[in-house]
$ cat work04.tsv   # TSV, C-alpha atoms
chain	number	residue	atom	x	y	z
A	9	ALA	CA	-60.06	67.68	129.07
A	10	VAL	CA	-62.93	67.07	126.67
A	11	ALA	CA	-64.79	70.06	128.11
A	12	GLU	CA	-61.72	72.26	127.75
A	13	LEU	CA	-61.69	71.47	124.04
A	14	GLY	CA	-65.14	72.98	123.80
A	15	GLU	CA	-66.95	69.65	123.45
A	16	THR	CA	-69.26	70.39	126.36
A	17	GLU	CA	-72.06	68.01	125.41
A	18	ALA	CA	-69.62	65.13	125.00
A	19	ALA	CA	-68.16	65.90	128.42
A	20	ILE	CA	-71.62	66.02	130.00
A	21	GLN	CA	-72.45	62.61	128.53
A	22	LEU	CA	-69.09	61.15	129.57
A	23	LEU	CA	-69.64	62.25	133.16
A	24	ALA	CA	-73.19	60.87	133.11
A	25	ASP	CA	-71.86	57.51	131.91
A	26	LEU	CA	-69.26	57.50	134.68
A	27	VAL	CA	-71.92	58.16	137.32
A	28	GLU	CA	-74.16	55.44	135.91
A	29	CYS	CA	-71.33	52.90	136.04
A	30	TYR	CA	-70.00	53.72	139.51
A	31	GLY	CA	-72.80	55.60	141.25
A	32	ALA	CA	-73.70	52.71	143.53
A	33	GLU	CA	-70.13	52.13	144.78
A	34	ARG	CA	-69.60	52.69	148.51
A	35	GLU	CA	-65.81	52.60	148.58
A	36	PRO	CA	-64.77	56.09	149.81
A	37	VAL	CA	-62.38	57.01	146.99
A	38	VAL	CA	-64.86	55.91	144.32
A	39	ALA	CA	-67.69	57.77	146.07
A	40	GLN	CA	-65.58	60.92	146.00
A	41	LEU	CA	-64.95	60.49	142.26
A	42	VAL	CA	-68.66	60.00	141.63
A	43	ALA	CA	-69.53	63.13	143.61
A	44	VAL	CA	-66.90	65.13	141.72
A	45	ALA	CA	-68.30	63.82	138.42
A	46	ILE	CA	-71.86	64.86	139.31
A	47	ASP	CA	-70.63	68.27	140.47
A	48	LYS	CA	-68.62	68.84	137.28
A	49	ARG	CA	-71.55	67.71	135.14
A	50	ALA	CA	-73.86	70.14	136.95
A	51	LYS	CA	-71.47	73.02	136.32
A	52	LEU	CA	-71.12	72.12	132.65
A	53	LEU	CA	-74.90	71.96	132.30
A	54	LEU	CA	-75.14	75.41	133.88
A	55	ARG	CA	-72.45	76.80	131.60
A	56	SER	CA	-74.34	75.49	128.58
A	57	GLY	CA	-77.53	77.25	129.70
A	58	ARG	CA	-79.41	74.16	130.89
A	59	ARG	CA	-80.37	75.57	134.28
A	60	ASP	CA	-83.09	73.07	135.16
A	61	ASP	CA	-80.83	70.12	134.38
A	62	ALA	CA	-78.03	71.71	136.41
A	63	LEU	CA	-80.43	72.24	139.30
A	64	ASP	CA	-81.38	68.55	139.22
A	65	ALA	CA	-77.72	67.52	139.08
A	66	PHE	CA	-76.75	69.66	142.06
A	67	GLY	CA	-79.75	68.22	143.87
A	68	GLY	CA	-78.40	64.76	143.06
A	69	VAL	CA	-75.15	65.53	144.89
A	70	VAL	CA	-77.08	66.62	147.98
A	71	ALA	CA	-79.46	63.66	147.85
A	72	GLN	CA	-76.73	61.05	147.44
A	73	PHE	CA	-74.02	62.46	149.67
A	74	GLY	CA	-75.81	64.85	152.04
A	75	GLY	CA	-75.38	62.51	155.00
A	76	ALA	CA	-71.68	61.85	154.44
A	77	SER	CA	-69.12	62.72	157.10
A	78	ASP	CA	-66.15	62.53	154.71
A	79	PRO	CA	-64.70	66.09	154.44
A	80	VAL	CA	-64.29	65.90	150.66
A	81	LEU	CA	-67.90	64.84	150.20
A	82	ARG	CA	-69.17	67.49	152.62
A	83	ALA	CA	-67.30	70.17	150.67
A	84	LEU	CA	-68.92	68.94	147.46
A	85	VAL	CA	-72.36	69.00	149.10
A	86	ALA	CA	-71.68	72.58	150.19
A	87	SER	CA	-70.70	73.46	146.61
A	88	ALA	CA	-73.86	71.79	145.26
A	89	LEU	CA	-76.11	73.71	147.65
A	90	GLN	CA	-74.38	76.91	146.61
A	91	GLY	CA	-75.00	76.01	142.97
A	92	LYS	CA	-78.69	75.35	143.64
A	93	LEU	CA	-79.05	78.59	145.59
A	94	LEU	CA	-77.51	80.72	142.84
A	95	ILE	CA	-79.56	79.13	140.06
A	96	LEU	CA	-82.77	79.70	142.00
A	97	ARG	CA	-81.74	83.26	142.88
A	98	ASP	CA	-80.84	84.13	139.30
A	99	SER	CA	-84.15	82.63	138.12
A	100	GLY	CA	-86.09	84.88	140.52
A	101	ARG	CA	-87.23	81.91	142.60
A	102	PHE	CA	-86.35	83.67	145.84
A	103	GLU	CA	-88.54	81.70	148.26
A	104	GLU	CA	-87.02	78.40	147.09
A	105	ALA	CA	-83.54	79.89	147.19
A	106	VAL	CA	-84.04	81.02	150.80
A	107	VAL	CA	-85.02	77.46	151.74
A	108	VAL	CA	-81.77	76.19	150.20
A	109	ALA	CA	-79.80	78.88	152.05
A	110	ASP	CA	-81.36	77.78	155.34
A	111	GLU	CA	-80.44	74.17	154.57
A	112	ALA	CA	-76.82	75.16	153.91
A	113	VAL	CA	-76.65	77.08	157.19
A	114	SER	CA	-78.10	74.19	159.20
A	115	ARG	CA	-75.71	71.70	157.60
A	116	PHE	CA	-72.47	73.67	157.78
A	117	GLU	CA	-72.73	76.33	160.49
A	118	ALA	CA	-70.70	74.23	162.93
A	119	ASP	CA	-68.04	73.17	160.41
A	120	PRO	CA	-64.50	74.58	160.72
A	121	PRO	CA	-63.56	76.90	157.83
A	122	ALA	CA	-60.87	74.49	156.63
A	123	GLN	CA	-63.54	71.85	155.93
A	124	THR	CA	-66.30	73.82	154.18
A	125	PRO	CA	-64.83	77.34	153.80
A	126	TYR	CA	-67.47	79.73	155.10
A	127	ALA	CA	-70.32	77.83	153.41
A	128	ALA	CA	-72.80	78.93	156.08
A	129	ALA	CA	-71.70	82.57	155.89
A	130	PHE	CA	-72.05	82.57	152.11
A	131	ALA	CA	-75.58	81.16	152.40
A	132	LEU	CA	-76.55	83.70	155.06
A	133	ILE	CA	-75.36	86.60	152.92
A	134	GLU	CA	-77.18	85.30	149.86
A	135	LYS	CA	-80.30	84.98	152.00
A	136	ALA	CA	-79.84	88.59	153.12
A	137	ARG	CA	-79.54	89.67	149.47
A	138	MET	CA	-82.81	87.94	148.57
A	139	LEU	CA	-85.04	88.79	151.53
A	140	PRO	CA	-85.70	92.36	150.31
A	141	GLU	CA	-87.23	90.84	147.17
A	142	LEU	CA	-89.70	89.09	149.48
A	143	GLY	CA	-90.50	92.25	151.43
A	144	GLN	CA	-88.29	91.27	154.37
A	145	SER	CA	-85.60	93.97	154.30
A	146	ASN	CA	-85.45	94.35	158.09
A	147	ASP	CA	-84.73	90.63	158.47
A	148	ALA	CA	-81.94	90.96	155.92
A	149	ILE	CA	-80.38	93.83	157.88
A	150	ALA	CA	-80.54	91.82	161.12
A	151	ILE	CA	-78.79	88.84	159.48
A	152	VAL	CA	-75.93	91.00	158.22
A	153	ASP	CA	-75.53	92.86	161.52
A	154	GLU	CA	-75.23	89.57	163.41
A	155	LEU	CA	-72.80	88.09	160.89
A	156	VAL	CA	-70.54	91.15	160.76
A	157	ALA	CA	-70.50	91.37	164.57
A	158	ARG	CA	-69.47	87.71	164.72
A	159	ILE	CA	-66.64	88.28	162.22
A	160	GLY	CA	-65.41	91.37	164.09
A	161	THR	CA	-61.81	92.38	163.51
A	162	LYS	CA	-60.84	89.08	161.88
A	163	THR	CA	-61.22	90.84	158.54
A	164	ASN	CA	-57.85	92.50	159.16
A	165	THR	CA	-56.00	89.21	158.75
A	166	ASP	CA	-58.33	86.84	156.89
A	167	PRO	CA	-59.00	87.67	153.19
A	168	ALA	CA	-61.90	85.20	152.99
A	169	LEU	CA	-63.64	86.85	155.93
A	170	ARG	CA	-62.99	90.27	154.40
A	171	ALA	CA	-64.81	89.14	151.28
A	172	GLN	CA	-67.75	87.79	153.28
A	173	ALA	CA	-68.04	90.93	155.40
A	174	ALA	CA	-67.95	93.18	152.34
A	175	ARG	CA	-70.62	91.10	150.59
A	176	GLY	CA	-72.77	91.19	153.70
A	177	LEU	CA	-72.52	94.94	154.13
A	178	CYS	CA	-73.43	95.45	150.47
A	179	ALA	CA	-76.52	93.33	151.09
A	180	LYS	CA	-77.38	95.49	154.10
A	181	ALA	CA	-77.03	98.70	152.06
A	182	TYR	CA	-79.29	97.24	149.38
A	183	ALA	CA	-81.91	96.34	151.99
A	184	LEU	CA	-81.75	99.87	153.41
A	185	GLY	CA	-82.26	101.24	149.93
A	186	ARG	CA	-85.32	99.07	149.43
A	187	LEU	CA	-86.68	100.68	152.61
A	188	GLU	CA	-85.80	104.08	151.06
A	189	LEU	CA	-83.45	104.82	153.96
A	190	TRP	CA	-81.05	106.40	151.52
A	191	GLU	CA	-78.79	108.24	153.96
A	192	GLU	CA	-78.23	105.05	155.96
A	193	ALA	CA	-77.67	103.03	152.79
A	194	LEU	CA	-75.14	105.62	151.63
A	195	ASP	CA	-73.28	105.41	154.94
A	196	VAL	CA	-72.97	101.62	154.66
A	197	ASP	CA	-71.74	101.68	151.07
A	198	GLU	CA	-69.20	104.39	151.90
A	199	HIS	CA	-68.06	102.28	154.85
A	200	VAL	CA	-67.50	99.27	152.55
A	201	ILE	CA	-65.33	101.34	150.22
A	202	ALA	CA	-63.36	102.99	153.03
A	203	ARG	CA	-62.84	99.75	154.98
A	204	PHE	CA	-62.07	97.35	152.14
A	205	GLY	CA	-61.20	99.40	149.08
A	206	HIS	CA	-57.46	99.56	149.80
A	207	PHE	CA	-56.77	95.85	150.33
A	208	GLY	CA	-56.53	94.95	146.64
A	209	ASP	CA	-57.99	91.45	147.12
A	210	ALA	CA	-59.47	90.07	143.89
A	211	ASP	CA	-62.33	88.59	145.95
A	212	LEU	CA	-63.31	92.13	146.96
A	213	ASP	CA	-63.65	93.51	143.42
A	214	GLU	CA	-67.33	92.60	143.06
A	215	SER	CA	-68.29	94.04	146.44
A	216	ILE	CA	-66.41	97.30	145.89
A	217	ALA	CA	-68.03	97.71	142.48
A	218	ARG	CA	-71.45	96.90	143.96
A	219	ALA	CA	-70.93	99.39	146.81
A	220	LEU	CA	-70.00	102.13	144.33
A	221	LEU	CA	-73.03	101.39	142.14
A	222	GLN	CA	-75.35	101.41	145.16
A	223	GLN	CA	-73.70	104.58	146.47
A	224	ALA	CA	-74.39	106.31	143.15
A	225	ARG	CA	-78.02	105.18	143.23
A	226	ALA	CA	-78.45	106.45	146.78
A	227	LEU	CA	-76.96	109.82	145.82
A	228	ARG	CA	-79.32	110.06	142.87
A	229	ALA	CA	-82.30	109.22	145.09
A	230	LEU	CA	-81.20	112.03	147.40
A	231	GLY	CA	-81.10	114.45	144.47
A	232	ARG	CA	-77.29	114.67	144.46
A	233	VAL	CA	-76.97	113.88	140.77
A	234	GLU	CA	-73.55	115.45	140.08
A	235	GLU	CA	-72.04	113.46	142.97
A	236	SER	CA	-73.70	110.34	141.63
A	237	ILE	CA	-72.11	110.92	138.23
A	238	SER	CA	-68.69	111.24	139.87
A	239	VAL	CA	-69.12	107.93	141.71
A	240	LEU	CA	-70.21	106.17	138.51
A	241	SER	CA	-67.09	107.55	136.82
A	242	GLU	CA	-64.97	106.14	139.65
A	243	LEU	CA	-66.62	102.73	139.29
A	244	PHE	CA	-65.72	102.69	135.59
A	245	GLU	CA	-62.15	103.86	136.16
A	246	ARG	CA	-61.57	101.14	138.75
A	247	ASN	CA	-63.06	98.35	136.64
A	248	ALA	CA	-62.77	99.34	132.97
A	249	ASP	CA	-60.60	96.30	132.26
A	250	ALA	CA	-62.34	93.85	134.58
A	251	THR	CA	-62.71	90.29	133.30
A	252	GLU	CA	-65.21	88.93	135.85
A	253	PRO	CA	-68.65	88.88	134.12
A	254	VAL	CA	-70.55	90.11	137.20
A	255	VAL	CA	-68.24	93.12	137.56
A	256	ARG	CA	-68.38	93.86	133.82
A	257	GLU	CA	-72.18	93.88	134.00
A	258	MET	CA	-72.04	96.37	136.87
A	259	VAL	CA	-69.68	98.54	134.79
A	260	ALA	CA	-72.25	98.42	131.99
A	261	GLN	CA	-74.99	99.44	134.42
A	262	ALA	CA	-72.81	102.28	135.70
A	263	LEU	CA	-72.21	103.61	132.18
A	264	ALA	CA	-75.93	103.39	131.42
A	265	GLU	CA	-76.90	105.23	134.60
A	266	LYS	CA	-74.22	107.86	134.04
A	267	ALA	CA	-75.55	108.53	130.53
A	268	ASP	CA	-79.08	108.90	131.92
A	269	GLN	CA	-77.92	111.29	134.61
A	270	LEU	CA	-75.82	113.39	132.23
A	271	ALA	CA	-79.04	113.95	130.30
A	272	ILE	CA	-80.88	114.89	133.50
A	273	VAL	CA	-78.39	117.70	134.21
A	274	GLU	CA	-78.52	118.77	130.54
A	275	ARG	CA	-74.97	117.68	129.70
A	276	THR	CA	-76.41	116.40	126.42
A	277	ASP	CA	-73.22	116.27	124.34
A	278	GLU	CA	-71.45	114.25	127.04
A	279	ALA	CA	-74.42	111.88	127.26
A	280	ILE	CA	-74.29	111.24	123.51
A	281	LEU	CA	-70.52	110.66	123.53
A	282	LEU	CA	-70.84	108.24	126.44
A	283	ALA	CA	-73.69	106.41	124.71
A	284	ASP	CA	-71.56	106.03	121.58
A	285	SER	CA	-68.72	104.59	123.68
A	286	MET	CA	-71.15	102.11	125.27
A	287	ILE	CA	-72.31	100.91	121.85
A	288	ALA	CA	-68.67	100.47	120.77
A	289	ARG	CA	-67.83	98.60	124.00
A	290	ALA	CA	-70.71	96.19	123.41
A	291	ALA	CA	-68.93	94.61	120.44
A	292	GLY	CA	-66.54	92.61	122.61
A	293	SER	CA	-68.91	91.91	125.48
A	294	GLY	CA	-70.71	88.88	126.87
A	295	GLU	CA	-74.40	88.41	126.16
A	296	ALA	CA	-75.82	89.95	129.35
A	297	GLU	CA	-73.34	92.85	129.32
A	298	GLN	CA	-73.99	93.46	125.63
A	299	ALA	CA	-77.75	93.63	126.20
A	300	ILE	CA	-77.24	96.34	128.83
A	301	LEU	CA	-74.76	98.35	126.76
A	302	MET	CA	-76.72	98.21	123.52
A	303	SER	CA	-80.20	98.76	124.93
A	304	ARG	CA	-79.26	101.45	127.41
A	305	GLY	CA	-76.64	103.06	125.14
A	306	LEU	CA	-78.97	103.45	122.18
A	307	GLY	CA	-81.79	104.46	124.50
A	308	ALA	CA	-79.72	107.11	126.25
A	309	LYS	CA	-78.45	108.49	122.95
A	310	GLY	CA	-81.96	108.65	121.52
A	311	ALA	CA	-83.31	110.40	124.60
A	312	ALA	CA	-80.43	112.90	124.58
A	313	LEU	CA	-81.01	113.65	120.90
A	314	VAL	CA	-84.70	114.29	121.62
A	315	ASP	CA	-83.71	116.66	124.44
A	316	GLY	CA	-81.33	118.39	122.01
A	317	ALA	CA	-84.13	118.80	119.43
A	318	GLN	CA	-82.30	116.53	116.97
A	319	TYR	CA	-85.48	114.64	116.21
A	320	GLU	CA	-84.59	112.90	112.94
A	321	ALA	CA	-81.33	111.58	114.41
A	322	ALA	CA	-83.22	110.52	117.54
A	323	ILE	CA	-85.77	108.54	115.51
A	324	GLU	CA	-82.99	106.80	113.57
A	325	THR	CA	-81.18	105.84	116.80
A	326	LEU	CA	-84.33	104.66	118.55
A	327	ASP	CA	-85.34	102.62	115.50
A	328	MET	CA	-81.98	100.82	115.78
A	329	LEU	CA	-82.76	99.94	119.39
A	330	ILE	CA	-86.30	98.80	118.64
A	331	ALA	CA	-85.16	96.67	115.69
A	332	HIS	CA	-82.28	95.12	117.66
A	333	PHE	CA	-84.42	94.04	120.63
A	334	ASP	CA	-87.95	94.01	119.24
A	335	ASP	CA	-88.42	90.27	119.73
A	336	ALA	CA	-86.55	90.08	123.03
A	337	ALA	CA	-88.44	88.34	125.82
A	338	GLU	CA	-85.84	88.78	128.55
A	339	LEU	CA	-86.24	91.51	131.14
A	340	THR	CA	-83.00	93.39	130.44
A	341	PRO	CA	-84.13	95.36	127.34
A	342	ARG	CA	-87.87	95.50	128.15
A	343	GLY	CA	-87.72	98.87	129.94
A	344	PRO	CA	-85.38	100.51	127.41
A	345	ILE	CA	-87.58	99.38	124.51
A	346	ALA	CA	-90.69	100.85	126.14
A	347	LEU	CA	-88.82	104.10	126.77
A	348	ALA	CA	-87.48	104.11	123.21
A	349	VAL	CA	-90.98	103.76	121.76
A	350	SER	CA	-92.15	106.59	124.03
A	351	ASN	CA	-89.25	108.87	123.07
A	352	LYS	CA	-89.77	108.09	119.39
A	353	ALA	CA	-93.41	109.12	119.78
A	354	VAL	CA	-92.29	112.42	121.32
A	355	ALA	CA	-89.86	113.04	118.45
A	356	LEU	CA	-92.54	112.30	115.86
A	357	LEU	CA	-94.97	114.64	117.60
A	358	ARG	CA	-92.44	117.48	117.64
A	359	LEU	CA	-91.88	116.95	113.91
A	360	GLY	CA	-95.62	117.44	113.40
A	361	ARG	CA	-96.24	113.78	112.55
A	362	GLU	CA	-99.13	113.37	114.98
A	363	ALA	CA	-100.66	110.23	113.42
A	364	ASP	CA	-97.30	108.42	113.53
A	365	SER	CA	-96.80	109.56	117.13
A	366	VAL	CA	-100.19	108.18	118.18
A	367	ALA	CA	-99.35	104.89	116.45
A	368	GLN	CA	-96.12	104.64	118.49
A	369	TYR	CA	-97.98	105.21	121.75
A	370	GLN	CA	-100.54	102.59	120.78
A	371	LYS	CA	-97.71	100.16	120.03
A	372	MET	CA	-96.21	100.81	123.46
A	373	VAL	CA	-99.53	100.30	125.25
A	374	ALA	CA	-100.23	97.10	123.31
A	375	ARG	CA	-96.85	95.61	124.15
A	376	PHE	CA	-96.15	96.92	127.63
A	377	GLY	CA	-99.59	97.66	129.02
A	378	ASP	CA	-99.29	94.71	131.41

$ encode --input "work04.tsv" --output "structure tokens"
Amino acid sequence: AVAELGETEAAIQLLADLVECYGAEREPVVAQLVAVAIDKRAKLLLRSGRRDDALDAFGGVVAQFGGASDPVLRALVASALQGKLLILRDSGRFEEAVVVADEAVSRFEADPPAQTPYAAAFALIEKARMLPELGQSNDAIAIVDELVARIGTKTNTDPALRAQAARGLCAKAYALGRLELWEEALDVDEHVIARFGHFGDADLDESIARALLQQARALRALGRVEESISVLSELFERNADATEPVVREMVAQALAEKADQLAIVERTDEAILLADSMIARAAGSGEAEQAILMSRGLGAKGAALVDGAQYEAAIETLDMLIAHFDDAAELTPRGPIALAVSNKAVALLRLGREADSVAQYQKMVARFGD
């Protein structure tokens, strides 16, 4: 209740005090309460941005209760391993995350779904999503093929298995894309949409959005830009009012990529209008989504204005982007800032301001030369 009132730090401390008082108790009901308290504390730490502390807390659940046979405790251990895996994945620590995924599979592969609902399948799919980042795309594809074959036709009646199969197939399509097997990747993404797009399960929303985004990227890689634009439009239309942060971020990516591609096919006015709508949408967005919308929206608008020979307006727009994100260390705006500086240099050059243009290029090299 304290956490729901927004007093997150107080709730974190309260749960820590509870664990300190009762952590050594062996009575089953008390042990369950302690495990729940550690799990809740870990999730609150994660929500407050304290990833390392959350990682330690999830590890505490596994260390203290990993050998338990009690179903409630095993479910909490499964949840803790999932928490560790996702933190490591989102931090780019893929090798460590794969180790955690393997641990989850070894612990829970034999469990019935009612006890630890598809914990092993979730871990396998996350492993498949990460292996391409380690140069092991073929292994990722093999994992998904085996898992989907094992699930078979159960997806027709089991919503949870539908969600797992869709996530797995999206991971396979991503791995194929990393191998630049774009036609095969496109086939898999289209299969996900055709097979699961009509069910209407909320648990499928992320996978359908991911499949559409990957489909658009495959089409672009194949030079089919107009088709890619159409798919990105479909992704937005399906998810314009989504509330799930991951889906909203994919919508932001789709808008950004559509704006870029409109510029590629010289639909400059449409690109500028879309960029303006992205900037407006950013006002009510979460931090990660806002970074995508603002950086890519301003960047796309600036680039389109350069292409349309509106150089003064382009410089003004690109200066807004550079000023907004100039001190940003995170990866999301890094590429757009570099591109903005480059496009500004082009605009300056075309206005005959050669010295200023050279200074912009030097700035870009100094900041992004690594």

$ axis_aligned_box --input "work04.tsv" --around "stretch 34-52 of chain A" --padding-each-side "4 Å" --output "JSON"
{"center_x": -68.1, "center_y": 62.8, "center_z": 141.2, "size_x": 19.5, "size_y": 28.4, "size_z": 25.2}

$ atom_distance --input "work04.tsv" --atom1 "atom CA of A:Asp211" --atom2 "atom CA of A:Leu169"
10.2 Å

$ residues_around --input "work04.tsv" --residues "A:Asp119" --least-positions-apart "5" --cutoff "12 Å" --atoms "all atoms listed in the file" --output "PyMOL selection string"
chain A and resi 77+79+82-83+86+112-114+124-129

$ atom_distance --input "work04.tsv" --atom1 "atom CA of A:Val152" --atom2 "atom CA of A:Ala173"
8.4 Å

$ closest_residue --input "work04.tsv" --among "A:Ala76, A:Ala262, A:Ala317, A:Leu52" --to "A:Glu15" --atoms "only C-alpha atoms"
A:Leu52

$ closest_residue --input "work04.tsv" --among "A:Phe130, A:Phe102, A:Tyr182, A:Phe116" --to "A:Gln222" --atoms "only C-alpha atoms"
A:Tyr182
